[in-house]
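Visitor: Structure in structure tokens, see below.
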Amino acid sequence: MDKKKKLRSSEWFGDDGKMGFVHRSWLRNQGYPDDYFEGRPVIGICNTWSELTPCNGHLRDFAEVVKKGILEAGGVPMEFPVMSLGETIMKPTTMLFRNLASMDTEESIRANPLDGIVLLTGCDKTTPSTIMGACSVDLPTLVVPGGPMLSGRFRGEKVGSGSMNWMIKERQENQGYSAADIREAEVCVARSIGHCNTMGTASTMATMTEALGLTLPGYSSIPAADSRKKMYAQLSGRRIVEMVKEDLTMSKVLTRNAFENAIIVNAAVGGSTNLIIHLTAIARRIGIDLKLEDFDTIGSKIPLLVNMKPSGKYLMEDFYYAGGLPVVMKELTPLLHKETITVNGNALIANYTDAVCYDTDVIAKLEKPFQDKSGIAVLRGNLCENGAVIKPSAASPKLMKHRGKAVVFETMEDYHERIDAPDLDIDENSVIVLKGVGPKGYPGMPEVGNVDLPKKLLAKGITDMVRISDGRMSGTAAGTVVLHVSPESTVGGTLAIVENGDWIELDVNERTLHLDIDQAELDKRKKAWIPPKPVADRGYVKMYIDHVEQADQGADLDFLVGGSGSKVERDLH
Ligand code: FES
Ligand code: MG
């Protein structure tokens with residue numbers, strides 16, 4: 001940093017008059033010496049800890065460890081809370097609140113005397129929400145990912161937190177699981193502190209964060225309960241103080257190439273489809289133009305290097321012991337942009353040259369991948385004018401090209417009411433079409449795209465069918481599930497006018513999704529279509545419905561796209 005460049009915090013604390021008095025005086029009720037803030041970078045620890053976000057339940061302890069590192073390096077730590085989004089508890093869906101939490105983060109950072117930021121994150125949305133908010137301010141920022149749970153076992157079977165839940169209905173039907181069995185299983189799965197231990201959305205987000213260059217290298221795959229997780233938290237605290245001195249802001253790290261790296265790495269680890277929406281929203285906050293097609297053109301030719309649930313066999317703890325993300329990064333060296341800068345100040349690949357793989361059944365060599373192609377396929381066609389996505393590695397090969405008759409559910413409630421009706425006209429070749437679960441429709445775009453199959457087909461041993469919706473799917477789920485149909489049905493996309501018995505054609509190889517009715521009929525139905533009434537007429541939900549963008553744009557609020565920097569022009573007196 002230019003020696004003469006003043007710390008941002010000195011605009012609060014460096015004043016010898018009335019305003020300096022005001023800013024310092026009240027803080028000193030905590031017992032700080034009068035020179036405490038002089039020339040020391042003030043580091044905001046943005047904490048998503050909450051007892052209502054169990055995946056982040058350990059982050060209060062972690063904040064103390066980060067503080068140690070900040071103090072060691074000569075900084076001043078200042079921890080503050082932001083809205084925390086607990087995936088398994090918040091209704092109707094945490095996605096409704098991702099943009100709200102990002103606003104909380106952005107405004108909390110900008111309004112306060114902070115020079116650098118550490119984001120403490122864990123559960124799915126706590127990562128993109130805080131990164132989005134921090135991007136719109138663009139201070140030096142480093143992420144401390146909370147880490148996954150240890151692997152659990154239920155009656156000898158290795159079970160993943162965030163994958164067992166998708167087996168419950170099937171096991172109740174086919175293996176006679178009782179309520180007591182379920183109580184026993186649920187605690188076995190939640191083995192330790194940390195977030196879901198599959199390559200679900202939380203692990204995907206942590207991996208993305210490291211691939212973007214926003215964590216210390218090697219940090220994202222360490223389990224929450226591993227002592228090395230805390231060690232890295234302390235090192236992160238030390239490092240952010242240096243980053244402030246170097247003025248290593250987010251926009252210097254988050255280049256177009258960094259985003260391309262994140263897409264490549266996500267494909268290689270078999271990451272969640274939710275990455276598309278979150279990475280797009282983050283890119284738009286920092287001013288990088290990322291298109292839906294980029295995920296396909298960049299990601300879909302990348303081989304799958306990681307054998308992890310939900311696509312494969314292992315859990316994050318196994319991944320870490322096999323060498324973790326550093327091994328994947330090293331393997332991907334020929335495919336990645338090597339010179340992107342990371343928060344430790346080094347070029348990306350320089351961080352990983354010493355990585356060693358200890359188990360090639362968990363992390364494959366680039367020459368001998370688990371699958372030749374991974375990533376996400378972006379579909380086009382009259383049923384998704386602005387695109388839709390599918391994760392081929394989580395789908396059934398035999399359904400990747402499929403023509404079937406639509407069985408339509410107008411809303412999630414309609415689905416719940418009728419899916420198990422004995423007289424429902426449905427078989428394994430049908431295509432389940434679910435409407436009304438897009439960003440504006442639900443609202444918030446819940447993770448319901450991978451709806452359970454009807455009981456009568458599960459009883460026949462059917463485990464997968466083509467399902468199409470404008471919703472999302474949990475990163476821990478699998479199936480031949482077409483997601484993020486845009487425009488969503490609630491705003492009158494073609495999805496809105498699909499009727500029972502219509503033929504639908506999916507061809508993942510050709511990247512097409514087609515509703516097989518003639519154009520005149522399609523136009524006629526669209527003309528007659530009546531938009532559903534918005535589900536809220538006040539409060540945040542109304543603001544969300546009025547301003548949320550479609551999935552292919554990242555589902556941010558339109559007025560939040562971009563950033564306003566860190567400058568605050570006006571004072572409080
Ligand atoms: Fe929090 Fe899965 S529920 S990460
Ligand atoms: Mg999830």
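How things are named: the first chain in the structure tokens is A, the next is B, and so on; residues count from 1 in each chain; ligands count from 1 in the order shown.
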Using only C-alpha atoms and all ligand atoms, find each residue with an atom at most 6 Å away from ligand 2 and format the answer as a PyMOL selection string.
Guide: chain A and resi 124+201+474-475
Visitor: Next, dump the selected residues to file, keeping only C-alpha atoms, as a tab-separated table (two decimals), in the first residue's frame.
Guide:
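This went into selection_24.tsv:
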```tsv
chain	number	residue	atom	x	y	z
A	124	ASP	CA	-25.32	-22.84	2.04
A	201	THR	CA	-24.24	-26.52	-1.70
A	474	SER	CA	-30.48	-29.10	-3.11
A	475	GLY	CA	-26.83	-29.64	-3.89
```
Visitor: Please, which residues have at least one atom within 10 Å of an atom of ligand 1, using only C-alpha atoms and all ligand atoms, listed as number ranges by chain?
Guide: A: 53-56, 85-89, 122-126, 146-149, 161-163, 194-205, 474-476
Visitor: Can those selected residues be exported to a file as a PDB file, in the first residue's frame so that it contains C-alpha atoms?
Guide:
```pdb
ATOM      1  CA  THR A  53     -28.146 -22.012  11.844  1.00  0.00           C
ATOM      2  CA  PRO A  54     -26.764 -25.255  13.255  1.00  0.00           C
ATOM      3  CA  CYS A  55     -24.185 -25.556  10.469  1.00  0.00           C
ATOM      4  CA  ASN A  56     -22.644 -22.295  11.723  1.00  0.00           C
ATOM      5  CA  LEU A  85     -29.550 -18.283   6.954  1.00  0.00           C
ATOM      6  CA  GLY A  86     -30.161 -21.770   8.351  1.00  0.00           C
ATOM      7  CA  GLU A  87     -31.014 -24.054   5.468  1.00  0.00           C
ATOM      8  CA  THR A  88     -32.913 -26.766   7.297  1.00  0.00           C
ATOM      9  CA  ILE A  89     -35.009 -24.529   9.495  1.00  0.00           C
ATOM     10  CA  GLY A 122     -20.841 -22.168   6.560  1.00  0.00           C
ATOM     11  CA  CYS A 123     -24.387 -23.201   5.707  1.00  0.00           C
ATOM     12  CA  ASP A 124     -25.316 -22.839   2.040  1.00  0.00           C
ATOM     13  CA  LYS A 125     -26.522 -19.245   1.620  1.00  0.00           C
ATOM     14  CA  THR A 126     -24.330 -17.750   4.329  1.00  0.00           C
ATOM     15  CA  GLY A 146     -16.731 -23.052   8.685  1.00  0.00           C
ATOM     16  CA  GLY A 147     -16.066 -26.532   7.316  1.00  0.00           C
ATOM     17  CA  PRO A 148     -18.061 -29.732   6.905  1.00  0.00           C
ATOM     18  CA  MET A 149     -19.166 -32.224   9.590  1.00  0.00           C
ATOM     19  CA  SER A 161     -25.484 -35.176   6.281  1.00  0.00           C
ATOM     20  CA  GLY A 162     -27.446 -33.801   3.419  1.00  0.00           C
ATOM     21  CA  SER A 163     -27.942 -37.033   1.529  1.00  0.00           C
ATOM     22  CA  GLY A 194     -20.032 -28.130  10.714  1.00  0.00           C
ATOM     23  CA  HIS A 195     -22.137 -28.009   7.590  1.00  0.00           C
ATOM     24  CA  CYS A 196     -23.332 -30.803   5.280  1.00  0.00           C
ATOM     25  CA  ASN A 197     -20.485 -33.160   4.495  1.00  0.00           C
ATOM     26  CA  THR A 198     -21.495 -34.152   0.989  1.00  0.00           C
ATOM     27  CA  MET A 199     -20.502 -32.076  -2.026  1.00  0.00           C
ATOM     28  CA  GLY A 200     -23.784 -30.240  -1.469  1.00  0.00           C
ATOM     29  CA  THR A 201     -24.239 -26.522  -1.700  1.00  0.00           C
ATOM     30  CA  ALA A 202     -22.269 -25.622   1.445  1.00  0.00           C
ATOM     31  CA  SER A 203     -19.189 -27.619   0.394  1.00  0.00           C
ATOM     32  CA  THR A 204     -19.675 -26.369  -3.154  1.00  0.00           C
ATOM     33  CA  MET A 205     -19.707 -22.769  -1.913  1.00  0.00           C
ATOM     34  CA  SER A 474     -30.478 -29.105  -3.106  1.00  0.00           C
ATOM     35  CA  GLY A 475     -26.832 -29.636  -3.891  1.00  0.00           C
ATOM     36  CA  THR A 476     -27.078 -32.882  -1.958  1.00  0.00           C
TER      37      THR A 476
END
```
Visitor: DSSP says strand (DSSP E) for which residues of segment 112-308 of chain A? Put them as number ranges by chain?
Guide: A: 116-121, 141-145, 152-154, 157-159
Visitor: Which residue out of A:Leu305, A:Val66, A:Ala283, A:Ile263 has the minimum interatomic distance to Leu235 of chain A when only C-alpha atoms are used?
Guide: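 Ranked by minimum distance to Leu235 of chain A, first place goes to A:Val66.
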Visitor: Compile the contact shell of segment 539-551 of chain A as a PyMOL selection string: residues with an atom at most 7 Å away, counting only C-alpha atoms, same-chain residues fewer than 3 positions apart removed.
Guide: chain A and resi 277+439-440+443+484+486-487+536+554-558
Visitor: Do you have, as JSON lines, the list of residues of segment 58-160 of chain A lying at most 9 Å from segment 231-234 of chain A, each with its nearest atom pair and that distance in Å to one decimal, counting only C-alpha atoms and ordered by chain then number?
Guide:
```
{"residue": "A:Phe62", "atom": "CA", "partner": "A:Ala233", "partner_atom": "CA", "distance": 6.8}
{"residue": "A:Ala63", "atom": "CA", "partner": "A:Ala233", "partner_atom": "CA", "distance": 8.2}
{"residue": "A:Glu64", "atom": "CA", "partner": "A:Gln234", "partner_atom": "CA", "distance": 8.8}
{"residue": "A:Val65", "atom": "CA", "partner": "A:Gln234", "partner_atom": "CA", "distance": 5.3}
{"residue": "A:Val66", "atom": "CA", "partner": "A:Gln234", "partner_atom": "CA", "distance": 4.7}
{"residue": "A:Lys67", "atom": "CA", "partner": "A:Gln234", "partner_atom": "CA", "distance": 7.3}
{"residue": "A:Lys68", "atom": "CA", "partner": "A:Gln234", "partner_atom": "CA", "distance": 6.3}
{"residue": "A:Gly69", "atom": "CA", "partner": "A:Gln234", "partner_atom": "CA", "distance": 4.5}
{"residue": "A:Ile70", "atom": "CA", "partner": "A:Gln234", "partner_atom": "CA", "distance": 7.7}
{"residue": "A:Val144", "atom": "CA", "partner": "A:Ala233", "partner_atom": "CA", "distance": 6.4}
{"residue": "A:Pro145", "atom": "CA", "partner": "A:Ala233", "partner_atom": "CA", "distance": 8.8}
```
Visitor: State, in Å with one decimal place, the distance from atom CA of Cys135 of chain A to atom CA of Arg570 of chain A.
Guide: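 Separation between atom CA of Cys135 of chain A and atom CA of Arg570 of chain A: 21.5 Å.
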Visitor: Could you jot down the atom CA of Arg171 of chain A to atom CA of Gly152 of chain A separation for me, Å, one decimal place?
Guide: 18.1 Å
